[in-house]
$ cat my_file_12.pdb   # PDB, C-alpha atoms and all ligand atoms
ATOM      1  CA  MET A  23     216.756 -37.670 202.832  1.00  0.00           C
ATOM      2  CA  LYS A  24     217.452 -39.578 199.591  1.00  0.00           C
ATOM      3  CA  ARG A  25     219.397 -37.530 197.082  1.00  0.00           C
ATOM      4  CA  PRO A  26     218.685 -38.170 193.373  1.00  0.00           C
ATOM      5  CA  GLU A  27     221.570 -39.155 191.115  1.00  0.00           C
ATOM      6  CA  ILE A  28     223.506 -35.917 190.726  1.00  0.00           C
ATOM      7  CA  ASN A  29     226.722 -35.053 188.947  1.00  0.00           C
ATOM      8  CA  ILE A  30     228.638 -31.907 189.901  1.00  0.00           C
ATOM      9  CA  ARG A  31     230.906 -30.258 187.323  1.00  0.00           C
ATOM     10  CA  LEU A  32     232.578 -26.906 186.665  1.00  0.00           C
ATOM     11  CA  MET A  33     230.295 -24.297 185.133  1.00  0.00           C
ATOM     12  CA  GLN A  34     230.973 -23.450 181.485  1.00  0.00           C
ATOM     13  CA  ASN A  35     230.228 -20.454 179.321  1.00  0.00           C
ATOM     14  CA  ASN A  36     227.369 -22.294 177.585  1.00  0.00           C
ATOM     15  CA  ASP A  37     225.533 -22.926 180.890  1.00  0.00           C
ATOM     16  CA  LEU A  38     224.170 -19.368 180.829  1.00  0.00           C
ATOM     17  CA  ASP A  39     220.653 -20.307 179.640  1.00  0.00           C
ATOM     18  CA  ALA A  40     220.314 -23.081 182.219  1.00  0.00           C
ATOM     19  CA  ILE A  41     221.379 -20.701 185.001  1.00  0.00           C
ATOM     20  CA  LEU A  42     218.913 -18.049 183.800  1.00  0.00           C
ATOM     21  CA  ARG A  43     216.109 -20.645 183.826  1.00  0.00           C
ATOM     22  CA  ILE A  44     216.781 -21.675 187.441  1.00  0.00           C
ATOM     23  CA  ASP A  45     217.336 -18.115 188.663  1.00  0.00           C
ATOM     24  CA  LYS A  46     213.987 -17.087 187.209  1.00  0.00           C
ATOM     25  CA  LEU A  47     212.278 -20.035 188.919  1.00  0.00           C
ATOM     26  CA  VAL A  48     213.716 -19.237 192.353  1.00  0.00           C
ATOM     27  CA  LEU A  49     213.446 -15.428 192.237  1.00  0.00           C
ATOM     28  CA  ASN A  50     210.432 -14.920 189.976  1.00  0.00           C
ATOM     29  CA  ILE A  51     212.315 -12.265 188.044  1.00  0.00           C
ATOM     30  CA  SER A  52     214.578 -12.409 185.038  1.00  0.00           C
ATOM     31  CA  ARG A  53     218.003 -10.784 185.262  1.00  0.00           C
ATOM     32  CA  PRO A  54     220.012 -11.696 182.153  1.00  0.00           C
ATOM     33  CA  GLU A  55     222.264  -8.595 182.350  1.00  0.00           C
ATOM     34  CA  TYR A  56     223.490  -9.560 185.813  1.00  0.00           C
ATOM     35  CA  TYR A  57     224.477 -13.029 184.604  1.00  0.00           C
ATOM     36  CA  GLU A  58     225.845 -11.901 181.244  1.00  0.00           C
ATOM     37  CA  GLN A  59     228.218  -9.521 183.052  1.00  0.00           C
ATOM     38  CA  LYS A  60     229.154 -12.201 185.537  1.00  0.00           C
ATOM     39  CA  PHE A  61     229.853 -14.756 182.803  1.00  0.00           C
ATOM     40  CA  GLU A  62     231.953 -12.241 180.898  1.00  0.00           C
ATOM     41  CA  ARG A  63     234.000 -11.483 184.031  1.00  0.00           C
ATOM     42  CA  LEU A  64     234.438 -15.124 185.051  1.00  0.00           C
ATOM     43  CA  PHE A  65     234.933 -16.852 181.726  1.00  0.00           C
ATOM     44  CA  THR A  66     236.416 -14.287 179.352  1.00  0.00           C
ATOM     45  CA  SER A  67     238.458 -11.792 181.359  1.00  0.00           C
ATOM     46  CA  GLY A  68     241.116 -14.329 182.432  1.00  0.00           C
ATOM     47  CA  GLU A  69     241.265 -12.676 185.864  1.00  0.00           C
ATOM     48  CA  TYR A  70     239.404 -15.381 187.805  1.00  0.00           C
ATOM     49  CA  LEU A  71     240.092 -19.031 188.493  1.00  0.00           C
ATOM     50  CA  PRO A  72     237.133 -21.303 187.661  1.00  0.00           C
ATOM     51  CA  THR A  73     235.255 -22.111 190.860  1.00  0.00           C
ATOM     52  CA  SER A  74     231.562 -22.000 189.905  1.00  0.00           C
ATOM     53  CA  LEU A  75     229.774 -25.330 189.698  1.00  0.00           C
ATOM     54  CA  VAL A  76     226.575 -26.816 188.307  1.00  0.00           C
ATOM     55  CA  ALA A  77     224.600 -29.865 189.425  1.00  0.00           C
ATOM     56  CA  GLU A  78     223.188 -32.082 186.678  1.00  0.00           C
ATOM     57  CA  ASP A  79     220.583 -34.809 187.029  1.00  0.00           C
ATOM     58  CA  ALA A  80     220.958 -38.282 185.464  1.00  0.00           C
ATOM     59  CA  GLU A  81     219.821 -36.903 182.080  1.00  0.00           C
ATOM     60  CA  GLY A  82     222.378 -34.103 182.135  1.00  0.00           C
ATOM     61  CA  MET A  83     219.839 -31.360 182.878  1.00  0.00           C
ATOM     62  CA  VAL A  84     221.258 -28.555 185.031  1.00  0.00           C
ATOM     63  CA  VAL A  85     219.180 -28.476 188.238  1.00  0.00           C
ATOM     64  CA  GLY A  86     221.353 -26.280 190.464  1.00  0.00           C
ATOM     65  CA  PHE A  87     224.381 -24.014 190.522  1.00  0.00           C
ATOM     66  CA  ILE A  88     226.758 -22.173 192.813  1.00  0.00           C
ATOM     67  CA  MET A  89     228.813 -19.181 191.681  1.00  0.00           C
ATOM     68  CA  GLY A  90     231.898 -17.834 193.337  1.00  0.00           C
ATOM     69  CA  GLU A  91     234.782 -15.556 192.502  1.00  0.00           C
ATOM     70  CA  LEU A  92     238.468 -16.232 193.055  1.00  0.00           C
ATOM     71  CA  TYR A  93     240.521 -13.365 191.733  1.00  0.00           C
ATOM     72  CA  ILE A  94     244.007 -14.011 190.381  1.00  0.00           C
ATOM     73  CA  GLY A  95     245.862 -10.737 190.456  1.00  0.00           C
ATOM     74  CA  GLU A  96     249.254  -9.893 189.048  1.00  0.00           C
ATOM     75  CA  TYR A  97     250.934 -11.682 191.967  1.00  0.00           C
ATOM     76  CA  GLY A  98     248.734 -14.784 192.085  1.00  0.00           C
ATOM     77  CA  LEU A  99     245.793 -15.688 194.290  1.00  0.00           C
ATOM     78  CA  SER A 100     244.143 -12.865 196.180  1.00  0.00           C
ATOM     79  CA  ASN A 101     244.837 -12.841 199.935  1.00  0.00           C
ATOM     80  CA  ASP A 102     241.232 -11.889 200.603  1.00  0.00           C
ATOM     81  CA  GLY A 103     240.096 -15.416 199.847  1.00  0.00           C
ATOM     82  CA  ALA A 104     237.145 -16.310 197.689  1.00  0.00           C
ATOM     83  CA  THR A 105     233.519 -15.268 197.628  1.00  0.00           C
ATOM     84  CA  VAL A 106     230.342 -17.194 197.033  1.00  0.00           C
ATOM     85  CA  ASP A 107     227.620 -14.897 195.794  1.00  0.00           C
ATOM     86  CA  THR A 108     224.905 -16.693 193.857  1.00  0.00           C
ATOM     87  CA  ILE A 109     223.260 -20.050 194.367  1.00  0.00           C
ATOM     88  CA  GLY A 110     220.089 -21.629 193.098  1.00  0.00           C
ATOM     89  CA  VAL A 111     218.428 -25.033 193.013  1.00  0.00           C
ATOM     90  CA  ASP A 112     215.446 -25.758 190.746  1.00  0.00           C
ATOM     91  CA  PRO A 113     212.392 -25.762 193.082  1.00  0.00           C
ATOM     92  CA  ASP A 114     211.448 -29.255 191.825  1.00  0.00           C
ATOM     93  CA  PHE A 115     214.792 -30.484 193.169  1.00  0.00           C
ATOM     94  CA  GLN A 116     215.044 -28.488 196.418  1.00  0.00           C
ATOM     95  CA  ASN A 117     215.203 -30.095 199.849  1.00  0.00           C
ATOM     96  CA  GLN A 118     217.046 -33.150 198.537  1.00  0.00           C
ATOM     97  CA  GLY A 119     220.528 -32.146 199.632  1.00  0.00           C
ATOM     98  CA  ILE A 120     221.665 -30.690 196.290  1.00  0.00           C
ATOM     99  CA  GLY A 121     222.385 -27.263 197.802  1.00  0.00           C
ATOM    100  CA  GLU A 122     224.554 -28.910 200.431  1.00  0.00           C
ATOM    101  CA  LEU A 123     226.340 -31.071 197.840  1.00  0.00           C
ATOM    102  CA  LEU A 124     227.101 -28.002 195.703  1.00  0.00           C
ATOM    103  CA  MET A 125     228.546 -26.162 198.715  1.00  0.00           C
ATOM    104  CA  ASP A 126     230.618 -29.174 199.835  1.00  0.00           C
ATOM    105  CA  GLU A 127     232.157 -29.591 196.379  1.00  0.00           C
ATOM    106  CA  PHE A 128     232.714 -25.837 196.043  1.00  0.00           C
ATOM    107  CA  ILE A 129     234.564 -25.732 199.389  1.00  0.00           C
ATOM    108  CA  ASP A 130     236.622 -28.858 198.595  1.00  0.00           C
ATOM    109  CA  HIS A 131     237.691 -27.367 195.283  1.00  0.00           C
ATOM    110  CA  LEU A 132     238.735 -24.077 196.930  1.00  0.00           C
ATOM    111  CA  ARG A 133     240.637 -25.933 199.619  1.00  0.00           C
ATOM    112  CA  GLN A 134     242.600 -27.778 196.934  1.00  0.00           C
ATOM    113  CA  LEU A 135     243.477 -24.417 195.392  1.00  0.00           C
ATOM    114  CA  GLY A 136     244.884 -23.270 198.751  1.00  0.00           C
ATOM    115  CA  VAL A 137     242.084 -20.870 199.674  1.00  0.00           C
ATOM    116  CA  LYS A 138     241.718 -20.337 203.421  1.00  0.00           C
ATOM    117  CA  LYS A 139     238.493 -18.336 203.666  1.00  0.00           C
ATOM    118  CA  VAL A 140     235.219 -17.906 201.806  1.00  0.00           C
ATOM    119  CA  HIS A 141     233.036 -14.802 202.198  1.00  0.00           C
ATOM    120  CA  THR A 142     229.437 -14.106 201.366  1.00  0.00           C
ATOM    121  CA  LEU A 143     226.829 -11.423 202.028  1.00  0.00           C
ATOM    122  CA  VAL A 144     223.282 -12.294 203.077  1.00  0.00           C
ATOM    123  CA  GLU A 145     220.285 -10.033 203.634  1.00  0.00           C
ATOM    124  CA  LYS A 146     219.617 -10.044 207.390  1.00  0.00           C
ATOM    125  CA  ASN A 147     215.924 -10.735 206.883  1.00  0.00           C
ATOM    126  CA  ASP A 148     216.410 -13.556 204.406  1.00  0.00           C
ATOM    127  CA  LYS A 149     215.742 -16.366 206.870  1.00  0.00           C
ATOM    128  CA  ALA A 150     215.954 -19.156 204.257  1.00  0.00           C
ATOM    129  CA  MET A 151     219.381 -18.078 203.010  1.00  0.00           C
ATOM    130  CA  MET A 152     220.666 -17.477 206.563  1.00  0.00           C
ATOM    131  CA  HIS A 153     219.495 -20.978 207.448  1.00  0.00           C
ATOM    132  CA  TYR A 154     221.192 -22.453 204.390  1.00  0.00           C
ATOM    133  CA  PHE A 155     224.547 -20.759 205.087  1.00  0.00           C
ATOM    134  CA  GLU A 156     224.487 -21.495 208.821  1.00  0.00           C
ATOM    135  CA  LYS A 157     223.691 -25.122 208.073  1.00  0.00           C
ATOM    136  CA  ASN A 158     226.704 -25.123 205.762  1.00  0.00           C
ATOM    137  CA  ARG A 159     228.936 -23.816 208.588  1.00  0.00           C
ATOM    138  CA  PHE A 160     229.186 -20.134 207.671  1.00  0.00           C
ATOM    139  CA  GLN A 161     229.230 -17.702 210.601  1.00  0.00           C
ATOM    140  CA  SER A 162     229.238 -13.937 211.143  1.00  0.00           C
ATOM    141  CA  SER A 163     232.634 -12.489 210.270  1.00  0.00           C
ATOM    142  CA  GLN A 164     234.959 -11.719 213.185  1.00  0.00           C
ATOM    143  CA  THR A 165     237.036  -9.340 211.053  1.00  0.00           C
ATOM    144  CA  VAL A 166     234.749  -7.498 208.630  1.00  0.00           C
ATOM    145  CA  ILE A 167     231.639  -5.446 209.238  1.00  0.00           C
ATOM    146  CA  SER A 168     229.352  -4.198 206.496  1.00  0.00           C
ATOM    147  CA  LEU A 169     228.776  -0.392 206.604  1.00  0.00           C
ATOM    148  CA  GLU A 170     226.276   1.674 204.612  1.00  0.00           C
ATOM    149  CA  ARG A 171     225.008   5.261 204.303  1.00  0.00           C
ATOM    150  CA  ASN A 172     221.584   6.366 203.103  1.00  0.00           C
ATOM    151  CA  LEU A 173     221.599   9.046 200.392  1.00  0.00           C
TER     152      LEU A 173
HETATM  153  C1  LIG A 201     218.957 -22.209 199.397  1.00  0.00           C
HETATM  154  C2  LIG A 201     218.890 -23.316 198.364  1.00  0.00           C
HETATM  155  C3  LIG A 201     220.078 -23.195 197.422  1.00  0.00           C
HETATM  156  C4  LIG A 201     218.965 -24.647 199.093  1.00  0.00           C
HETATM  157  O1  LIG A 201     218.975 -25.684 198.125  1.00  0.00           O
HETATM  158  P1  LIG A 201     218.523 -27.161 198.489  1.00  0.00           P
HETATM  159  O2  LIG A 201     219.009 -28.077 197.429  1.00  0.00           O
HETATM  160  O3  LIG A 201     217.077 -27.181 198.791  1.00  0.00           O
HETATM  161  O4  LIG A 201     219.371 -27.390 199.823  1.00  0.00           O
HETATM  162  P2  LIG A 201     219.402 -28.625 200.771  1.00  0.00           P
HETATM  163  O5  LIG A 201     218.490 -29.710 200.298  1.00  0.00           O
HETATM  164  O6  LIG A 201     220.841 -28.946 200.991  1.00  0.00           O
HETATM  165  O7  LIG A 201     218.718 -28.052 202.067  1.00  0.00           O
HETATM  166  C5  LIG A 201     219.331 -27.059 202.833  1.00  0.00           C
HETATM  167  C6  LIG A 201     218.363 -26.462 203.829  1.00  0.00           C
HETATM  168  O8  LIG A 201     217.602 -25.457 203.182  1.00  0.00           O
HETATM  169  C7  LIG A 201     216.232 -25.626 203.512  1.00  0.00           C
HETATM  170  N1  LIG A 201     215.447 -25.279 202.332  1.00  0.00           N
HETATM  171  C8  LIG A 201     215.449 -25.887 201.156  1.00  0.00           C
HETATM  172  N2  LIG A 201     214.615 -25.279 200.301  1.00  0.00           N
HETATM  173  C9  LIG A 201     214.065 -24.254 200.966  1.00  0.00           C
HETATM  174  C10 LIG A 201     213.136 -23.239 200.618  1.00  0.00           C
HETATM  175  N3  LIG A 201     212.603 -23.157 199.389  1.00  0.00           N
HETATM  176  N4  LIG A 201     212.795 -22.318 201.542  1.00  0.00           N
HETATM  177  C11 LIG A 201     213.341 -22.404 202.787  1.00  0.00           C
HETATM  178  N5  LIG A 201     214.238 -23.340 203.163  1.00  0.00           N
HETATM  179  C12 LIG A 201     214.599 -24.258 202.269  1.00  0.00           C
HETATM  180  C13 LIG A 201     216.061 -27.066 203.852  1.00  0.00           C
HETATM  181  O9  LIG A 201     214.997 -27.188 204.788  1.00  0.00           O
HETATM  182  C14 LIG A 201     217.400 -27.452 204.442  1.00  0.00           C
HETATM  183  O10 LIG A 201     217.452 -27.233 205.807  1.00  0.00           O
HETATM  184  P3  LIG A 201     217.118 -28.412 206.878  1.00  0.00           P
HETATM  185  O11 LIG A 201     217.881 -29.622 206.422  1.00  0.00           O
HETATM  186  O12 LIG A 201     217.577 -27.831 208.171  1.00  0.00           O
HETATM  187  O13 LIG A 201     215.649 -28.612 206.773  1.00  0.00           O
HETATM  188  C15 LIG A 201     217.560 -23.292 197.574  1.00  0.00           C
HETATM  189  O14 LIG A 201     216.498 -23.297 198.472  1.00  0.00           O
HETATM  190  C16 LIG A 201     217.427 -22.072 196.657  1.00  0.00           C
HETATM  191  O15 LIG A 201     217.817 -22.107 195.499  1.00  0.00           O
HETATM  192  N6  LIG A 201     216.854 -21.002 197.188  1.00  0.00           N
HETATM  193  C17 LIG A 201     216.756 -19.753 196.456  1.00  0.00           C
HETATM  194  C18 LIG A 201     218.113 -19.082 196.499  1.00  0.00           C
HETATM  195  C19 LIG A 201     218.102 -17.696 195.947  1.00  0.00           C
HETATM  196  O16 LIG A 201     217.309 -16.876 196.369  1.00  0.00           O
HETATM  197  N7  LIG A 201     219.048 -17.473 194.997  1.00  0.00           N
HETATM  198  C20 LIG A 201     219.171 -16.227 194.323  1.00  0.00           C
HETATM  199  C21 LIG A 201     220.019 -15.234 195.032  1.00  0.00           C
HETATM  200  S1  LIG A 201     221.596 -15.824 195.558  1.00  0.00           S
END
$ encode --input "my_file_12.pdb" --output "structure tokens"
Amino acid sequence: MKRPEINIRLMQNNDLDAILRIDKLVLNISRPEYYEQKFERLFTSGEYLPTSLVAEDAEGMVVGFIMGELYIGEYGLSNDGATVDTIGVDPDFQNQGIGELLMDEFIDHLRQLGVKKVHTLVEKNDKAMMHYFEKNRFQSSQTVISLERNL
């Protein structure tokens, strides 16, 4: 697989529109409130270390992103580790290794910050996302189980 020329950099507050564009392409729905709240929490609250990344093509167009949360509490880094919760690659650029590159850089960055574990939640029936995370060496948690109750 030949990967196009891609630059990975930290996500910034003004990447919101680019993220909304890609999210709409991959999900077929628009969810600006979700991202506006996320951006506010990550970039303005001062409670999270920057971990989210974007992938740009040679022209500087954002073609993919990965968003995570690393909470810095009163006493420093959270012991619970970091989470990765939202990822998207422009369909025109999928299957070229960009998703893998984003995850590799995300993990490297967290490692440098001293993080020991990354969590995520995936819908059991979402075969494509399960495949993506398994391929990127995520496995079922040995310590946490997700519980729910119907109302
Ligand atoms: C999952 C995703 C990030 C992978 O990005 P990518 O750049 O294509 O990833 P890679 O090129 O590194 O490929 C990773 C694997 O995913 C598979 N894959 C890529 N695109 C896929 C697609 N549209 N459907 C199913 N599998 C896909 C590839 O086959 C590859 O596996 P393989 O090498 O075993 O064949 C991308 O498909 C995507 O954005 N999907 C939508 C994600 C989504 O729903 N986000 C919103 C909620 S979080």
$ closest_residue --input "my_file_12.pdb" --among "A:Thr108, A:Asn50, A:Gln134, A:Ser168" --to "ligand LIG 201 (chain A)" --atoms "all atoms listed in the file"
A:Thr108
$ residues_around --input "my_file_12.pdb" --residues "Gly103 of chain A" --least-positions-apart "5" --cutoff "8 Å" --atoms "only C-alpha atoms" --output "PDB file with C-alpha atoms, keeping the file's coordinate frame"
ATOM      1  CA  LEU A  92     238.468 -16.232 193.055  1.00  0.00           C
ATOM      2  CA  VAL A 137     242.084 -20.870 199.674  1.00  0.00           C
ATOM      3  CA  LYS A 138     241.718 -20.337 203.421  1.00  0.00           C
ATOM      4  CA  LYS A 139     238.493 -18.336 203.666  1.00  0.00           C
ATOM      5  CA  VAL A 140     235.219 -17.906 201.806  1.00  0.00           C
ATOM      6  CA  HIS A 141     233.036 -14.802 202.198  1.00  0.00           C
TER       7      HIS A 141
END
$ residues_near_ligand --input "my_file_12.pdb" --ligand "ligand LIG 201 (chain A)" --cutoff "9 Å" --atoms "only C-alpha atoms and all ligand atoms" --output "PyMOL selection string"
chain A and resi 23+25+44-49+86-89+106-113+115-125+144+148-155+157-158
$ atom_distance --input "my_file_12.pdb" --atom1 "atom CA of Leu42 of chain A" --atom2 "atom CA of Tyr56 of chain A"
9.9 Å
$ closest_residue --input "my_file_12.pdb" --among "A:Ile51, A:Gly90, A:Ile41, A:Asn35" --to "Thr66 of chain A" --atoms "all atoms listed in the file"
A:Asn35
$ closest_residue --input "my_file_12.pdb" --among "A:Asp102, A:Arg43, A:Ile129, A:Pro26" --to "Thr165 of chain A" --atoms "all atoms listed in the file"
A:Asp102
$ closest_residue --input "my_file_12.pdb" --among "A:Ala104, A:Glu91, A:Lys60, A:Ala77" --to "Arg133 of chain A" --atoms "all atoms listed in the file"
A:Ala104
$ atom_distance --input "my_file_12.pdb" --atom1 "atom CA of Thr105 of chain A" --atom2 "atom CA of Leu71 of chain A"
11.9 Å
$ closest_residue --input "my_file_12.pdb" --among "A:Asn29, A:Gln164, A:Thr142, A:Ser67" --to "Asp79 of chain A" --atoms "only C-alpha atoms"
A:Asn29
$ atom_distance --input "my_file_12.pdb" --atom1 "atom CA of Ser162 of chain A" --atom2 "atom CA of Leu143 of chain A"
9.8 Å
$ residues_around --input "my_file_12.pdb" --residues "Glu55 of chain A" --least-positions-apart "6" --cutoff "12 Å" --atoms "all atoms listed in the file" --output "short mmCIF file (atom, residue, chain, number, x, y, z; two decimals) with C-alpha atoms, keeping the file's coordinate frame"
data_model
loop_
_atom_site.label_atom_id
_atom_site.label_comp_id
_atom_site.auth_asym_id
_atom_site.auth_seq_id
_atom_site.Cartn_x
_atom_site.Cartn_y
_atom_site.Cartn_z
CA LEU A 38 224.17 -19.37 180.83
CA LEU A 42 218.91 -18.05 183.80
CA PHE A 61 229.85 -14.76 182.80
CA GLU A 62 231.95 -12.24 180.90
#
$ closest_residue --input "my_file_12.pdb" --among "A:Glu96, A:Val85, A:Ala80, A:Gln161" --to "Gly68 of chain A" --atoms "all atoms listed in the file"
A:Glu96
$ resolve_selection --input "my_file_12.pdb" --expression "the PyMOL selection byres (((chain A and resi 30) around 8) and not hetatm)" --output "PyMOL selection string"
chain A and resi 28-29+31-32+75-78+124+127
$ decode --input "my_file_12.pdb" --residues "segment 79-138 of chain A" --atoms "C-alpha atoms" --output "PDB file, in the first residue's frame"
ATOM      1  CA  ASP A  79      -2.193  16.156   2.593  1.00  0.00           C
ATOM      2  CA  ALA A  80       0.609  17.858   0.618  1.00  0.00           C
ATOM      3  CA  GLU A  81      -1.609  20.929   0.075  1.00  0.00           C
ATOM      4  CA  GLY A  82      -2.375  21.279   3.774  1.00  0.00           C
ATOM      5  CA  MET A  83      -5.952  19.997   3.486  1.00  0.00           C
ATOM      6  CA  VAL A  84      -7.101  18.074   6.568  1.00  0.00           C
ATOM      7  CA  VAL A  85      -7.940  14.532   5.400  1.00  0.00           C
ATOM      8  CA  GLY A  86      -8.152  12.695   8.730  1.00  0.00           C
ATOM      9  CA  PHE A  87      -8.215  13.146  12.484  1.00  0.00           C
ATOM     10  CA  ILE A  88      -8.016  11.293  15.773  1.00  0.00           C
ATOM     11  CA  MET A  89      -9.384  12.710  19.025  1.00  0.00           C
ATOM     12  CA  GLY A  90      -8.462  11.627  22.497  1.00  0.00           C
ATOM     13  CA  GLU A  91      -8.737  12.927  26.024  1.00  0.00           C
ATOM     14  CA  LEU A  92      -5.986  13.096  28.623  1.00  0.00           C
ATOM     15  CA  TYR A  93      -7.281  14.702  31.773  1.00  0.00           C
ATOM     16  CA  ILE A  94      -4.924  16.702  33.973  1.00  0.00           C
ATOM     17  CA  GLY A  95      -6.474  16.888  37.398  1.00  0.00           C
ATOM     18  CA  GLU A  96      -5.378  18.885  40.399  1.00  0.00           C
ATOM     19  CA  TYR A  97      -2.578  16.384  41.066  1.00  0.00           C
ATOM     20  CA  GLY A  98      -1.339  15.939  37.497  1.00  0.00           C
ATOM     21  CA  LEU A  99      -2.020  13.246  34.925  1.00  0.00           C
ATOM     22  CA  SER A 100      -4.994  11.003  35.546  1.00  0.00           C
ATOM     23  CA  ASN A 101      -4.112   7.447  36.620  1.00  0.00           C
ATOM     24  CA  ASP A 102      -6.875   6.087  34.415  1.00  0.00           C
ATOM     25  CA  GLY A 103      -4.796   6.712  31.319  1.00  0.00           C
ATOM     26  CA  ALA A 104      -6.071   8.300  28.154  1.00  0.00           C
ATOM     27  CA  THR A 105      -9.017   7.649  25.887  1.00  0.00           C
ATOM     28  CA  VAL A 106      -9.385   7.689  22.142  1.00  0.00           C
ATOM     29  CA  ASP A 107     -12.974   8.330  21.177  1.00  0.00           C
ATOM     30  CA  THR A 108     -13.357   9.770  17.695  1.00  0.00           C
ATOM     31  CA  ILE A 109     -11.540   9.051  14.467  1.00  0.00           C
ATOM     32  CA  GLY A 110     -12.275   9.745  10.842  1.00  0.00           C
ATOM     33  CA  VAL A 111     -10.509   9.609   7.493  1.00  0.00           C
ATOM     34  CA  ASP A 112     -11.953  11.294   4.390  1.00  0.00           C
ATOM     35  CA  PRO A 113     -13.406   8.425   2.281  1.00  0.00           C
ATOM     36  CA  ASP A 114     -11.310   9.578  -0.712  1.00  0.00           C
ATOM     37  CA  PHE A 115      -8.206   8.920   1.395  1.00  0.00           C
ATOM     38  CA  GLN A 116      -9.233   5.724   3.220  1.00  0.00           C
ATOM     39  CA  ASN A 117      -7.391   2.429   2.857  1.00  0.00           C
ATOM     40  CA  GLN A 118      -4.042   4.147   2.330  1.00  0.00           C
ATOM     41  CA  GLY A 119      -2.689   3.699   5.837  1.00  0.00           C
ATOM     42  CA  ILE A 120      -3.647   7.155   7.150  1.00  0.00           C
ATOM     43  CA  GLY A 121      -5.786   5.712   9.960  1.00  0.00           C
ATOM     44  CA  GLU A 122      -2.855   3.584  11.059  1.00  0.00           C
ATOM     45  CA  LEU A 123      -0.429   6.522  10.844  1.00  0.00           C
ATOM     46  CA  LEU A 124      -2.741   8.680  12.979  1.00  0.00           C
ATOM     47  CA  MET A 125      -2.985   5.944  15.625  1.00  0.00           C
ATOM     48  CA  ASP A 126       0.787   5.317  15.634  1.00  0.00           C
ATOM     49  CA  GLU A 127       1.553   9.011  16.140  1.00  0.00           C
ATOM     50  CA  PHE A 128      -1.190   9.343  18.763  1.00  0.00           C
ATOM     51  CA  ILE A 129       0.242   6.403  20.747  1.00  0.00           C
ATOM     52  CA  ASP A 130       3.842   7.655  20.418  1.00  0.00           C
ATOM     53  CA  HIS A 131       2.819  11.067  21.702  1.00  0.00           C
ATOM     54  CA  LEU A 132       0.996   9.556  24.705  1.00  0.00           C
ATOM     55  CA  ARG A 133       3.948   7.324  25.478  1.00  0.00           C
ATOM     56  CA  GLN A 134       6.212  10.380  25.577  1.00  0.00           C
ATOM     57  CA  LEU A 135       3.809  11.967  28.059  1.00  0.00           C
ATOM     58  CA  GLY A 136       4.149   8.903  30.311  1.00  0.00           C
ATOM     59  CA  VAL A 137       0.720   7.405  29.637  1.00  0.00           C
ATOM     60  CA  LYS A 138       0.578   3.642  30.171  1.00  0.00           C
TER      61      LYS A 138
END
